[in-house]
$ cat upload.cif   # mmCIF, C-alpha atoms
data_run
loop_
_atom_site.group_PDB
_atom_site.id
_atom_site.type_symbol
_atom_site.label_atom_id
_atom_site.label_comp_id
_atom_site.auth_asym_id
_atom_site.auth_seq_id
_atom_site.Cartn_x
_atom_site.Cartn_y
_atom_site.Cartn_z
ATOM 1 C CA MET V 704 -8.661 -37.702 75.787
ATOM 2 C CA THR V 705 -5.396 -39.454 76.479
ATOM 3 C CA PHE V 706 -3.219 -40.729 73.681
ATOM 4 C CA MET V 707 0.222 -42.162 74.247
ATOM 5 C CA GLY V 708 3.230 -42.759 72.062
ATOM 6 C CA THR V 709 4.887 -39.337 71.786
ATOM 7 C CA LYS V 710 7.597 -39.195 74.446
ATOM 8 C CA ASP V 711 9.322 -35.973 73.443
ATOM 9 C CA VAL V 712 6.266 -33.711 73.901
ATOM 10 C CA ARG V 713 5.796 -32.239 77.357
ATOM 11 C CA CYS V 714 2.392 -32.403 79.021
ATOM 12 C CA LEU V 715 0.118 -29.534 80.014
ATOM 13 C CA ASN V 716 -2.167 -30.009 82.992
ATOM 14 C CA ILE V 717 -3.858 -27.984 85.711
ATOM 15 C CA ASP V 718 -0.998 -28.421 88.170
ATOM 16 C CA ASP V 719 1.373 -26.818 85.652
ATOM 17 C CA VAL V 720 -0.977 -23.860 85.224
ATOM 18 C CA LEU V 721 -1.332 -23.296 88.971
ATOM 19 C CA VAL V 722 2.448 -23.240 89.420
ATOM 20 C CA ARG V 723 2.597 -20.220 87.097
ATOM 21 C CA LYS V 724 -0.564 -18.316 88.074
ATOM 22 C CA THR V 725 -2.921 -17.824 91.004
ATOM 23 C CA LEU V 726 -6.396 -18.673 89.724
ATOM 24 C CA SER V 727 -9.744 -19.873 91.037
ATOM 25 C CA HIS V 728 -9.658 -23.664 91.137
ATOM 26 C CA ILE V 729 -10.781 -26.823 92.893
ATOM 27 C CA GLY V 730 -7.665 -28.921 93.458
ATOM 28 C CA ASN V 731 -6.449 -30.159 90.108
ATOM 29 C CA ALA V 732 -9.986 -30.800 88.840
ATOM 30 C CA ILE V 733 -10.896 -27.388 87.402
ATOM 31 C CA VAL V 734 -9.294 -23.971 86.993
ATOM 32 C CA MET V 735 -10.947 -20.718 85.862
ATOM 33 C CA PHE V 736 -9.337 -17.967 83.750
ATOM 34 C CA ASP V 737 -11.187 -14.642 83.930
ATOM 35 C CA GLN V 738 -8.571 -12.937 81.728
ATOM 36 C CA PHE V 739 -7.556 -15.729 79.378
ATOM 37 C CA ASN V 740 -5.151 -14.914 76.533
ATOM 38 C CA VAL V 741 -2.561 -16.632 74.379
ATOM 39 C CA HIS V 742 0.097 -16.130 77.074
ATOM 40 C CA ASP V 743 -1.760 -18.715 79.162
ATOM 41 C CA LEU V 744 -0.707 -21.328 76.596
ATOM 42 C CA PRO V 745 2.881 -22.622 76.417
ATOM 43 C CA ILE V 746 5.209 -21.343 73.697
ATOM 44 C CA GLU V 747 6.510 -24.850 73.029
ATOM 45 C CA PRO V 748 4.062 -27.598 71.985
ATOM 46 C CA HIS V 749 2.537 -29.427 74.965
ATOM 47 C CA ARG V 750 0.140 -32.375 74.985
ATOM 48 C CA CYS V 751 -3.016 -31.261 76.777
ATOM 49 C CA GLN V 752 -4.017 -33.547 79.653
ATOM 50 C CA CYS V 753 -7.321 -31.774 80.168
ATOM 51 C CA VAL V 754 -10.182 -30.131 78.273
ATOM 52 C CA LEU V 755 -10.004 -26.380 77.650
ATOM 53 C CA VAL V 756 -13.112 -24.384 76.739
ATOM 54 C CA ALA V 757 -12.508 -20.681 76.044
ATOM 55 C CA LEU V 758 -14.539 -17.741 74.760
ATOM 56 C CA CYS V 759 -12.844 -14.719 73.196
ATOM 57 C CA LEU V 760 -14.465 -11.442 74.284
ATOM 58 C CA GLU V 761 -12.139 -8.874 72.709
ATOM 59 C CA GLY V 762 -9.550 -8.905 69.926
ATOM 60 C CA THR V 763 -8.369 -12.225 68.483
ATOM 61 C CA ILE V 764 -6.712 -15.150 70.250
ATOM 62 C CA HIS V 765 -4.204 -17.052 68.109
ATOM 63 C CA TYR V 766 -3.103 -20.595 68.929
ATOM 64 C CA VAL V 767 -1.867 -23.853 67.362
ATOM 65 C CA ALA V 768 -3.405 -27.309 67.902
ATOM 66 C CA ASP V 769 -1.927 -30.436 66.312
ATOM 67 C CA THR V 770 0.257 -28.187 64.086
ATOM 68 C CA VAL V 771 -2.800 -26.335 62.679
ATOM 69 C CA GLU V 772 -2.994 -22.561 63.311
ATOM 70 C CA TYR V 773 -6.299 -21.119 64.538
ATOM 71 C CA GLU V 774 -7.707 -17.628 65.074
ATOM 72 C CA VAL V 775 -10.450 -17.022 67.638
ATOM 73 C CA PRO V 776 -12.116 -13.609 67.128
ATOM 74 C CA ALA V 777 -14.383 -11.951 69.687
ATOM 75 C CA GLY V 778 -17.643 -13.864 70.026
ATOM 76 C CA TYR V 779 -16.048 -17.170 69.045
ATOM 77 C CA ALA V 780 -15.512 -20.195 71.285
ATOM 78 C CA MET V 781 -12.615 -22.642 71.139
ATOM 79 C CA ILE V 782 -12.417 -26.187 72.483
ATOM 80 C CA VAL V 783 -9.105 -27.981 72.994
ATOM 81 C CA SER V 784 -9.601 -31.684 73.675
ATOM 82 C CA GLU V 785 -7.411 -33.809 75.891
ATOM 83 C CA GLY V 786 -4.603 -35.412 73.928
ATOM 84 C CA GLN V 787 -4.204 -32.555 71.468
ATOM 85 C CA VAL V 788 -0.791 -30.917 71.164
ATOM 86 C CA VAL V 789 -1.260 -27.196 71.721
ATOM 87 C CA ASN V 790 0.899 -24.074 71.925
ATOM 88 C CA ALA V 791 0.693 -20.295 71.623
ATOM 89 C CA ARG V 792 1.024 -18.678 68.205
ATOM 90 C CA PRO V 793 3.251 -15.574 68.351
ATOM 91 C CA THR V 794 1.548 -12.493 66.920
ATOM 92 C CA ASP V 795 1.407 -8.736 67.365
ATOM 93 C CA CYS V 796 -2.398 -8.853 67.714
ATOM 94 C CA TYR V 797 -3.754 -10.294 70.932
ATOM 95 C CA GLY V 798 -7.191 -10.947 72.312
ATOM 96 C CA HIS V 799 -8.546 -12.048 75.651
ATOM 97 C CA GLY V 800 -11.596 -13.701 77.131
ATOM 98 C CA ILE V 801 -12.648 -16.312 79.671
ATOM 99 C CA ALA V 802 -11.735 -19.992 79.886
ATOM 100 C CA ILE V 803 -12.297 -23.124 81.916
ATOM 101 C CA MET V 804 -9.751 -25.933 82.084
ATOM 102 C CA ILE V 805 -11.121 -29.275 83.290
ATOM 103 C CA SER V 806 -9.123 -32.379 84.207
ATOM 104 C CA TYR V 807 -9.893 -35.553 82.291
ATOM 105 C CA ASP V 808 -11.263 -37.364 85.365
ATOM 106 C CA PHE V 809 -13.546 -34.488 86.389
ATOM 107 C CA PHE V 810 -14.642 -34.045 82.786
ATOM 108 C CA ASN V 811 -15.667 -37.709 82.622
ATOM 109 C CA GLU V 812 -17.710 -37.280 85.796
ATOM 110 C CA ILE V 813 -19.500 -34.343 84.169
ATOM 111 C CA VAL V 814 -20.275 -35.873 80.782
ATOM 112 C CA LYS V 815 -20.975 -39.499 81.699
ATOM 113 C CA GLU V 816 -24.721 -38.781 81.613
ATOM 114 C CA VAL V 817 -24.736 -36.065 78.933
ATOM 115 C CA HIS V 818 -26.590 -37.401 75.905
ATOM 116 C CA GLU V 819 -25.084 -36.803 72.465
ATOM 117 C CA MET V 820 -21.762 -35.850 74.066
ATOM 118 C CA SER V 821 -19.893 -37.436 71.178
ATOM 119 C CA ALA V 822 -21.527 -35.166 68.613
ATOM 120 C CA LEU V 823 -20.312 -32.054 70.430
ATOM 121 C CA PHE V 824 -16.736 -33.122 71.000
ATOM 122 C CA LEU V 825 -16.277 -34.899 67.693
ATOM 123 C CA PHE V 826 -17.423 -31.724 65.989
ATOM 124 C CA SER V 827 -14.948 -29.739 68.093
ATOM 125 C CA ARG V 828 -12.154 -31.977 66.828
ATOM 126 C CA ILE V 829 -12.989 -31.024 63.261
ATOM 127 C CA HIS V 830 -14.138 -27.441 63.903
ATOM 128 C CA PRO V 831 -12.497 -26.401 67.216
ATOM 129 C CA VAL V 832 -13.390 -22.718 66.712
ATOM 130 C CA CYS V 833 -17.041 -21.734 66.268
ATOM 131 C CA ARG V 834 -19.019 -18.489 66.275
ATOM 132 C CA LEU V 835 -21.654 -18.042 68.964
ATOM 133 C CA LEU V 836 -24.693 -15.831 68.677
ATOM 134 C CA PRO V 837 -24.825 -12.766 70.991
ATOM 135 C CA ASP V 838 -27.327 -14.457 73.330
ATOM 136 C CA GLU V 839 -25.137 -17.573 73.434
ATOM 137 C CA VAL V 840 -22.110 -15.453 74.355
ATOM 138 C CA LYS V 841 -24.085 -13.857 77.180
ATOM 139 C CA GLY V 842 -25.191 -17.286 78.331
ATOM 140 C CA VAL V 843 -21.633 -18.624 78.506
ATOM 141 C CA CYS V 844 -20.556 -15.522 80.439
ATOM 142 C CA ARG V 845 -23.384 -16.041 82.935
ATOM 143 C CA TYR V 846 -22.427 -19.676 83.402
ATOM 144 C CA PHE V 847 -18.787 -18.686 83.868
ATOM 145 C CA SER V 848 -19.597 -16.131 86.579
ATOM 146 C CA LEU V 849 -21.827 -18.562 88.462
ATOM 147 C CA ILE V 850 -19.363 -21.453 88.172
ATOM 148 C CA LYS V 851 -16.494 -19.252 89.361
ATOM 149 C CA GLU V 852 -18.598 -18.092 92.325
ATOM 150 C CA LYS V 853 -19.215 -21.708 93.320
ATOM 151 C CA VAL V 854 -15.576 -22.715 92.718
ATOM 152 C CA ASP V 855 -14.526 -19.979 95.149
ATOM 153 C CA ASP V 856 -17.137 -21.034 97.721
ATOM 154 C CA ALA V 857 -14.792 -23.439 99.516
ATOM 155 C CA GLY V 858 -16.954 -23.247 102.648
ATOM 156 C CA ASN V 859 -19.728 -25.112 100.838
ATOM 157 C CA PHE V 860 -19.117 -28.817 101.430
ATOM 158 C CA PHE V 861 -20.880 -29.640 98.143
ATOM 159 C CA HIS V 862 -19.277 -26.939 95.989
ATOM 160 C CA LYS V 863 -17.552 -29.451 93.695
ATOM 161 C CA ASP V 864 -20.854 -31.245 93.082
ATOM 162 C CA VAL V 865 -22.614 -27.941 92.385
ATOM 163 C CA VAL V 866 -19.839 -26.981 89.944
ATOM 164 C CA ARG V 867 -20.155 -30.329 88.187
ATOM 165 C CA MET V 868 -23.889 -29.809 87.660
ATOM 166 C CA LEU V 869 -23.424 -26.254 86.394
ATOM 167 C CA LEU V 870 -20.750 -27.411 83.946
ATOM 168 C CA SER V 871 -23.099 -30.128 82.718
ATOM 169 C CA ALA V 872 -25.771 -27.494 82.055
ATOM 170 C CA MET V 873 -23.255 -25.290 80.230
ATOM 171 C CA ILE V 874 -22.210 -28.232 78.042
ATOM 172 C CA TYR V 875 -25.832 -28.816 77.062
ATOM 173 C CA ASP V 876 -26.130 -25.171 76.017
ATOM 174 C CA LEU V 877 -22.863 -25.418 74.067
ATOM 175 C CA TYR V 878 -24.198 -28.509 72.336
ATOM 176 C CA ASN V 879 -27.274 -26.548 71.342
ATOM 177 C CA ALA V 880 -25.011 -23.964 69.702
ATOM 178 C CA ILE V 881 -22.982 -26.702 67.995
ATOM 179 C CA TYR V 882 -26.185 -28.337 66.769
ATOM 180 C CA ARG V 883 -27.250 -25.034 65.236
ATOM 181 C CA ILE V 884 -23.895 -24.731 63.474
ATOM 182 C CA GLN V 885 -23.997 -28.339 62.259
ATOM 183 C CA MET V 886 -27.434 -27.760 60.737
ATOM 184 C CA SER V 887 -26.370 -24.595 58.922
ATOM 185 C CA SER V 888 -25.727 -24.863 55.211
ATOM 186 C CA SER V 889 -22.229 -23.391 55.589
ATOM 187 C CA GLN V 890 -20.987 -26.376 57.592
ATOM 188 C CA LYS V 891 -21.164 -29.199 55.078
ATOM 189 C CA GLN V 892 -19.376 -32.389 56.077
ATOM 190 C CA SER V 893 -16.666 -33.708 53.794
ATOM 191 C CA SER V 894 -16.700 -37.422 52.968
ATOM 192 C CA ALA V 895 -13.662 -37.893 55.234
ATOM 193 C CA GLU V 896 -15.421 -36.175 58.142
ATOM 194 C CA ALA V 897 -18.518 -38.324 57.586
ATOM 195 C CA ILE V 898 -16.429 -41.513 57.714
ATOM 196 C CA PHE V 899 -14.696 -40.298 60.865
ATOM 197 C CA MET V 900 -18.013 -39.547 62.606
ATOM 198 C CA LYS V 901 -19.452 -42.942 61.618
ATOM 199 C CA PHE V 902 -16.293 -44.682 62.814
ATOM 200 C CA VAL V 903 -16.343 -43.037 66.249
ATOM 201 C CA ARG V 904 -20.031 -43.738 66.720
ATOM 202 C CA LEU V 905 -19.368 -47.386 65.882
ATOM 203 C CA VAL V 906 -16.547 -47.380 68.433
ATOM 204 C CA GLU V 907 -18.919 -45.962 71.057
ATOM 205 C CA LEU V 908 -21.284 -48.876 70.455
ATOM 206 C CA HIS V 909 -18.761 -51.712 70.209
ATOM 207 C CA TYR V 910 -15.486 -50.817 71.979
ATOM 208 C CA ARG V 911 -16.332 -53.055 74.961
ATOM 209 C CA HIS V 912 -15.960 -56.189 72.855
ATOM 210 C CA GLU V 913 -14.351 -55.149 69.544
ATOM 211 C CA ARG V 914 -10.972 -53.429 69.241
ATOM 212 C CA ARG V 915 -9.800 -54.515 65.760
ATOM 213 C CA VAL V 916 -9.511 -51.741 63.182
ATOM 214 C CA GLY V 917 -10.270 -54.255 60.427
ATOM 215 C CA TRP V 918 -13.646 -55.039 62.005
ATOM 216 C CA TYR V 919 -14.676 -51.373 61.965
ATOM 217 C CA ALA V 920 -13.444 -50.996 58.386
ATOM 218 C CA ARG V 921 -15.628 -53.936 57.286
ATOM 219 C CA GLU V 922 -18.642 -52.415 59.036
ATOM 220 C CA LEU V 923 -18.034 -49.204 57.063
ATOM 221 C CA CYS V 924 -17.420 -51.151 53.824
ATOM 222 C CA ILE V 925 -13.939 -49.687 53.324
ATOM 223 C CA SER V 926 -10.405 -51.041 53.686
ATOM 224 C CA ALA V 927 -8.551 -50.845 56.994
ATOM 225 C CA LYS V 928 -5.841 -48.804 55.292
ATOM 226 C CA TYR V 929 -8.323 -46.241 53.966
ATOM 227 C CA LEU V 930 -10.030 -46.018 57.366
ATOM 228 C CA SER V 931 -6.692 -45.429 59.094
ATOM 229 C CA GLU V 932 -5.642 -42.760 56.596
ATOM 230 C CA THR V 933 -9.019 -40.992 56.811
ATOM 231 C CA VAL V 934 -9.234 -40.975 60.614
ATOM 232 C CA LYS V 935 -5.647 -39.747 60.845
ATOM 233 C CA GLN V 936 -6.310 -36.998 58.297
ATOM 234 C CA VAL V 937 -9.401 -35.667 60.094
ATOM 235 C CA SER V 938 -8.463 -36.100 63.755
ATOM 236 C CA HIS V 939 -4.647 -36.381 63.782
ATOM 237 C CA ARG V 940 -5.137 -39.632 65.720
ATOM 238 C CA THR V 941 -5.120 -43.254 64.579
ATOM 239 C CA PRO V 942 -8.158 -45.554 64.848
ATOM 240 C CA ASN V 943 -6.346 -47.605 67.495
ATOM 241 C CA GLU V 944 -5.816 -44.479 69.583
ATOM 242 C CA TRP V 945 -9.531 -43.656 69.389
ATOM 243 C CA ILE V 946 -10.497 -47.200 70.380
ATOM 244 C CA ASP V 947 -8.019 -47.236 73.268
ATOM 245 C CA ASN V 948 -9.337 -43.858 74.394
ATOM 246 C CA TYR V 949 -12.884 -45.164 74.766
ATOM 247 C CA VAL V 950 -11.686 -48.264 76.596
ATOM 248 C CA LEU V 951 -9.623 -46.137 78.992
ATOM 249 C CA LYS V 952 -12.511 -43.743 79.568
ATOM 250 C CA GLU V 953 -14.780 -46.629 80.532
ATOM 251 C CA LEU V 954 -12.112 -48.166 82.764
ATOM 252 C CA ARG V 955 -11.646 -44.881 84.618
ATOM 253 C CA VAL V 956 -15.382 -44.404 85.097
ATOM 254 C CA GLN V 957 -15.834 -47.988 86.337
ATOM 255 C CA LEU V 958 -12.864 -47.817 88.703
ATOM 256 C CA ARG V 959 -13.906 -44.492 90.226
ATOM 257 C CA ASN V 960 -17.696 -44.787 90.216
ATOM 258 C CA THR V 961 -18.563 -48.462 90.830
ATOM 259 C CA SER V 962 -17.817 -51.095 93.455
ATOM 260 C CA LYS V 963 -17.176 -53.788 90.832
ATOM 261 C CA SER V 964 -14.021 -55.827 91.298
ATOM 262 C CA ILE V 965 -11.170 -55.289 88.871
ATOM 263 C CA LYS V 966 -11.753 -58.816 87.589
ATOM 264 C CA GLU V 967 -15.421 -58.022 86.899
ATOM 265 C CA ILE V 968 -14.461 -54.864 85.012
ATOM 266 C CA SER V 969 -11.872 -56.810 83.025
ATOM 267 C CA ASN V 970 -14.484 -59.402 82.042
ATOM 268 C CA GLU V 971 -17.059 -56.757 81.083
ATOM 269 C CA LEU V 972 -14.588 -55.126 78.707
ATOM 270 C CA HIS V 973 -13.543 -58.484 77.252
ATOM 271 C CA PHE V 974 -9.864 -58.375 78.204
ATOM 272 C CA THR V 975 -8.055 -61.709 77.939
ATOM 273 C CA ASN V 976 -7.486 -61.626 81.692
ATOM 274 C CA GLN V 977 -7.161 -59.224 84.619
ATOM 275 C CA SER V 978 -3.368 -59.095 84.291
ATOM 276 C CA PHE V 979 -3.571 -57.969 80.655
ATOM 277 C CA MET V 980 -6.042 -55.244 81.569
ATOM 278 C CA GLY V 981 -3.709 -54.071 84.339
ATOM 279 C CA LYS V 982 -0.770 -53.813 81.941
ATOM 280 C CA PHE V 983 -2.893 -51.979 79.362
ATOM 281 C CA PHE V 984 -4.138 -49.483 81.960
ATOM 282 C CA LYS V 985 -0.725 -48.836 83.510
ATOM 283 C CA GLU V 986 0.893 -48.370 80.098
ATOM 284 C CA HIS V 987 -1.575 -45.617 79.215
ATOM 285 C CA VAL V 988 -2.366 -44.002 82.565
ATOM 286 C CA GLY V 989 0.904 -44.532 84.434
ATOM 287 C CA VAL V 990 -0.519 -46.303 87.491
ATOM 288 C CA SER V 991 -2.204 -49.644 88.179
ATOM 289 C CA PRO V 992 -6.023 -49.922 88.216
ATOM 290 C CA LEU V 993 -5.953 -50.481 92.001
ATOM 291 C CA THR V 994 -3.772 -47.410 92.611
ATOM 292 C CA TYR V 995 -6.026 -45.340 90.370
ATOM 293 C CA ARG V 996 -9.123 -46.516 92.248
ATOM 294 C CA LYS V 997 -7.592 -45.622 95.623
ATOM 295 C CA GLY V 998 -6.383 -42.273 94.318
#
$ encode --input "upload.cif" --output "structure tokens"
Amino acid sequence: MTFMGTKDVRCLNIDDVLVRKTLSHIGNAIVMFDQFNVHDLPIEPHRCQCVLVALCLEGTIHYVADTVEYEVPAGYAMIVSEGQVVNARPTDCYGHGIAIMISYDFFNEIVKEVHEMSALFLFSRIHPVCRLLPDEVKGVCRYFSLIKEKVDDAGNFFHKDVVRMLLSAMIYDLYNAIYRIQMSSSQKQSSAEAIFMKFVRLVELHYRHERRVGWYARELCISAKYLSETVKQVSHRTPNEWIDNYVLKELRVQLRNTSKSIKEISNELHFTNQSFMGKFFKEHVGVSPLTYRKG
């Protein structure tokens, strides 16, 4: 997920990774790490411009996300969402495993039809490290091997489409694991987490026509100030950043996957006019809607 406003934090993306290491990849859409460890993360904080899903297989991987330190023991998965500020955590004890880094655009192609996607990735914001059962670990490893095989099969004209479908299947299996964890008695939601989840689900339903934080606060029967403080506490992002994120995600999907005119898209998302939408998009993405569509 893309959030703007911090200009002094460098960005981490797939292109940066491929400059440093030779890895299986498809362009700058996806890259595979078959020996992932903390050294694959930058020492200095970088804002992640992709989604990183990793599974520790031996030892413990240590890292920092949004200033919070995390440990990922063997058998545990970690999910770093786009927009999070991440860096390596120096330690004498290292672990390693497997990982997949997916660009934001390719990720949106994968999850646009995945039901209950929000539950998985909202949970990963609050609990980015989770323990998998032995069979779930084996399942992720099988998916990884098959996805890597297809990533490397450049002679297959449809290899990117096959990879997208396999990743979608893997995400469903990960959601099943997350659902199990959510239902366990040891993972009780705090009141702040409950408010955050309700807020984001409201945003998912109404972001096309409602972008005012005060409106969401009234729907939740709390003050706008309390909503802002709670969302910031749980997710390290403001309500406005979450709302903008959903608007940008929809804009990207519409621009890349439909033949609608930019004016039609602007009207559907209730922008004042096409020019305002263009300024909003360029401010957050860095290019105009038309350039993005052609790219």
$ residues_near_point --input "upload.cif" --point "(-3.9, -47.0, 56.7)" --cutoff "12 Å" --atoms "all atoms listed in the file" --output "PDB file with C-alpha atoms, in the frame of the given file"
ATOM      1  CA  VAL V 916      -9.511 -51.741  63.182  1.00  0.00           C
ATOM      2  CA  GLY V 917     -10.270 -54.255  60.427  1.00  0.00           C
ATOM      3  CA  ALA V 920     -13.444 -50.996  58.386  1.00  0.00           C
ATOM      4  CA  ILE V 925     -13.939 -49.687  53.324  1.00  0.00           C
ATOM      5  CA  SER V 926     -10.405 -51.041  53.686  1.00  0.00           C
ATOM      6  CA  ALA V 927      -8.551 -50.845  56.994  1.00  0.00           C
ATOM      7  CA  LYS V 928      -5.841 -48.804  55.292  1.00  0.00           C
ATOM      8  CA  TYR V 929      -8.323 -46.241  53.966  1.00  0.00           C
ATOM      9  CA  LEU V 930     -10.030 -46.018  57.366  1.00  0.00           C
ATOM     10  CA  SER V 931      -6.692 -45.429  59.094  1.00  0.00           C
ATOM     11  CA  GLU V 932      -5.642 -42.760  56.596  1.00  0.00           C
ATOM     12  CA  THR V 933      -9.019 -40.992  56.811  1.00  0.00           C
ATOM     13  CA  VAL V 934      -9.234 -40.975  60.614  1.00  0.00           C
ATOM     14  CA  LYS V 935      -5.647 -39.747  60.845  1.00  0.00           C
ATOM     15  CA  GLN V 936      -6.310 -36.998  58.297  1.00  0.00           C
ATOM     16  CA  ARG V 940      -5.137 -39.632  65.720  1.00  0.00           C
ATOM     17  CA  THR V 941      -5.120 -43.254  64.579  1.00  0.00           C
ATOM     18  CA  PRO V 942      -8.158 -45.554  64.848  1.00  0.00           C
ATOM     19  CA  ASN V 943      -6.346 -47.605  67.495  1.00  0.00           C
TER      20      ASN V 943
END
$ axis_aligned_box --input "upload.cif" --around "stretch 862-881 of chain V" --padding-each-side "4 Å" --output "JSON"
{"center_x": -22.4, "center_y": -27.6, "center_z": 82.0, "size_x": 17.7, "size_y": 15.3, "size_z": 36.0}
$ atom_distance --input "upload.cif" --atom1 "atom CA of V:Tyr766" --atom2 "atom CA of V:Leu744"
8.1 Å
$ closest_residue --input "upload.cif" --among "V:Gly778, V:Leu877, V:Val789, V:Val990" --to "V:Pro745" --atoms "all atoms listed in the file"
V:Val789
$ resolve_selection --input "upload.cif" --expression "the PyMOL selection byres ((chain V and resi 793-796) around 9)" --output "JSON, numbers by chain"
{"V": [741, 746, 762, 763, 764, 765, 766, 791, 792, 797, 798]}
$ closest_residue --input "upload.cif" --among "V:Arg867, V:Lys815, V:Arg834, V:Lys952" --to "V:Leu849" --atoms "only C-alpha atoms"
V:Arg867
$ closest_residue --input "upload.cif" --among "V:Tyr846, V:Phe979, V:Phe809, V:Phe902" --to "V:Asn960" --atoms "only C-alpha atoms"
V:Phe809
$ resolve_selection --input "upload.cif" --expression "the PyMOL selection byres ((chain V and resi 771) around 12)" --output "compact mmCIF listing (two decimals) with C-alpha atoms, in the coordinates of the input"
# COMPACT_ATOMS: atom_id res chain seq x y z
CA PRO V 748 4.06 -27.60 71.98
CA HIS V 765 -4.20 -17.05 68.11
CA TYR V 766 -3.10 -20.60 68.93
CA VAL V 767 -1.87 -23.85 67.36
CA ALA V 768 -3.40 -27.31 67.90
CA ASP V 769 -1.93 -30.44 66.31
CA THR V 770 0.26 -28.19 64.09
CA GLU V 772 -2.99 -22.56 63.31
CA TYR V 773 -6.30 -21.12 64.54
CA GLU V 774 -7.71 -17.63 65.07
CA GLN V 787 -4.20 -32.56 71.47
CA VAL V 788 -0.79 -30.92 71.16
CA VAL V 789 -1.26 -27.20 71.72
CA ASN V 790 0.90 -24.07 71.92
CA ALA V 791 0.69 -20.30 71.62
CA ARG V 792 1.02 -18.68 68.20
CA ARG V 828 -12.15 -31.98 66.83
CA ILE V 829 -12.99 -31.02 63.26
CA HIS V 830 -14.14 -27.44 63.90
CA PRO V 831 -12.50 -26.40 67.22
CA VAL V 832 -13.39 -22.72 66.71
CA VAL V 937 -9.40 -35.67 60.09
CA SER V 938 -8.46 -36.10 63.76
CA HIS V 939 -4.65 -36.38 63.78
$ residues_near_point --input "upload.cif" --point "(-14.6, -11.9, 75.2)" --cutoff "9 Å" --atoms "all atoms listed in the file" --output "list of chain:residue names"
V:Gln738, V:Leu758, V:Cys759, V:Leu760, V:Glu761, V:Gly762, V:Pro776, V:Ala777, V:Gly778, V:Tyr779, V:Gly798, V:His799, V:Gly800, V:Ile801, V:Val840, V:Cys844
$ closest_residue --input "upload.cif" --among "V:Gly786, V:Glu971, V:Ala732, V:His987" --to "V:Val866" --atoms "only C-alpha atoms"
V:Ala732
$ resolve_selection --input "upload.cif" --expression "the PyMOL selection byres ((chain V and resi 806) around 12)" --output "ChimeraX atom specification"
/V:704-705,715-720,728-735,751-756,784-786,803-805,807-813,867
$ write_last_selection --input "upload.cif" --atoms "C-alpha atoms" --output "compact mmCIF listing (two decimals), in the frame of the given file"
# COMPACT_ATOMS: atom_id res chain seq x y z
CA MET V 704 -8.66 -37.70 75.79
CA THR V 705 -5.40 -39.45 76.48
CA LEU V 715 0.12 -29.53 80.01
CA ASN V 716 -2.17 -30.01 82.99
CA ILE V 717 -3.86 -27.98 85.71
CA ASP V 718 -1.00 -28.42 88.17
CA ASP V 719 1.37 -26.82 85.65
CA VAL V 720 -0.98 -23.86 85.22
CA HIS V 728 -9.66 -23.66 91.14
CA ILE V 729 -10.78 -26.82 92.89
CA GLY V 730 -7.66 -28.92 93.46
CA ASN V 731 -6.45 -30.16 90.11
CA ALA V 732 -9.99 -30.80 88.84
CA ILE V 733 -10.90 -27.39 87.40
CA VAL V 734 -9.29 -23.97 86.99
CA MET V 735 -10.95 -20.72 85.86
CA CYS V 751 -3.02 -31.26 76.78
CA GLN V 752 -4.02 -33.55 79.65
CA CYS V 753 -7.32 -31.77 80.17
CA VAL V 754 -10.18 -30.13 78.27
CA LEU V 755 -10.00 -26.38 77.65
CA VAL V 756 -13.11 -24.38 76.74
CA SER V 784 -9.60 -31.68 73.68
CA GLU V 785 -7.41 -33.81 75.89
CA GLY V 786 -4.60 -35.41 73.93
CA ILE V 803 -12.30 -23.12 81.92
CA MET V 804 -9.75 -25.93 82.08
CA ILE V 805 -11.12 -29.28 83.29
CA TYR V 807 -9.89 -35.55 82.29
CA ASP V 808 -11.26 -37.36 85.36
CA PHE V 809 -13.55 -34.49 86.39
CA PHE V 810 -14.64 -34.04 82.79
CA ASN V 811 -15.67 -37.71 82.62
CA GLU V 812 -17.71 -37.28 85.80
CA ILE V 813 -19.50 -34.34 84.17
CA ARG V 867 -20.16 -30.33 88.19
$ closest_residue --input "upload.cif" --among "V:Leu993, V:Ile946, V:Ala872, V:Ala802" --to "V:Lys963" --atoms "only C-alpha atoms"
V:Leu993
$ build_atoms --input "upload.cif" --residues "stretch 725-731 of chain V" --atoms "N, CA and C atoms" --output "CSV table (one decimal), in the frame of the given file"
chain,number,residue,atom,x,y,z
V,725,THR,N,-1.9,-17.6,89.9
V,725,THR,CA,-2.9,-17.8,91.0
V,725,THR,C,-4.3,-17.6,90.4
V,726,LEU,N,-5.1,-18.7,90.4
V,726,LEU,CA,-6.4,-18.7,89.7
V,726,LEU,C,-7.4,-19.4,90.6
V,727,SER,N,-8.7,-19.1,90.4
V,727,SER,CA,-9.7,-19.9,91.0
V,727,SER,C,-9.7,-21.3,90.6
V,728,HIS,N,-9.8,-22.3,91.5
V,728,HIS,CA,-9.7,-23.7,91.1
V,728,HIS,C,-10.2,-24.5,92.3
V,729,ILE,N,-10.5,-25.8,91.9
V,729,ILE,CA,-10.8,-26.8,92.9
V,729,ILE,C,-9.7,-27.9,92.7
V,730,GLY,N,-8.7,-27.9,93.6
V,730,GLY,CA,-7.7,-28.9,93.5
V,730,GLY,C,-7.1,-28.9,92.1
V,731,ASN,N,-6.9,-30.1,91.5
V,731,ASN,CA,-6.4,-30.2,90.1
V,731,ASN,C,-7.6,-30.7,89.2
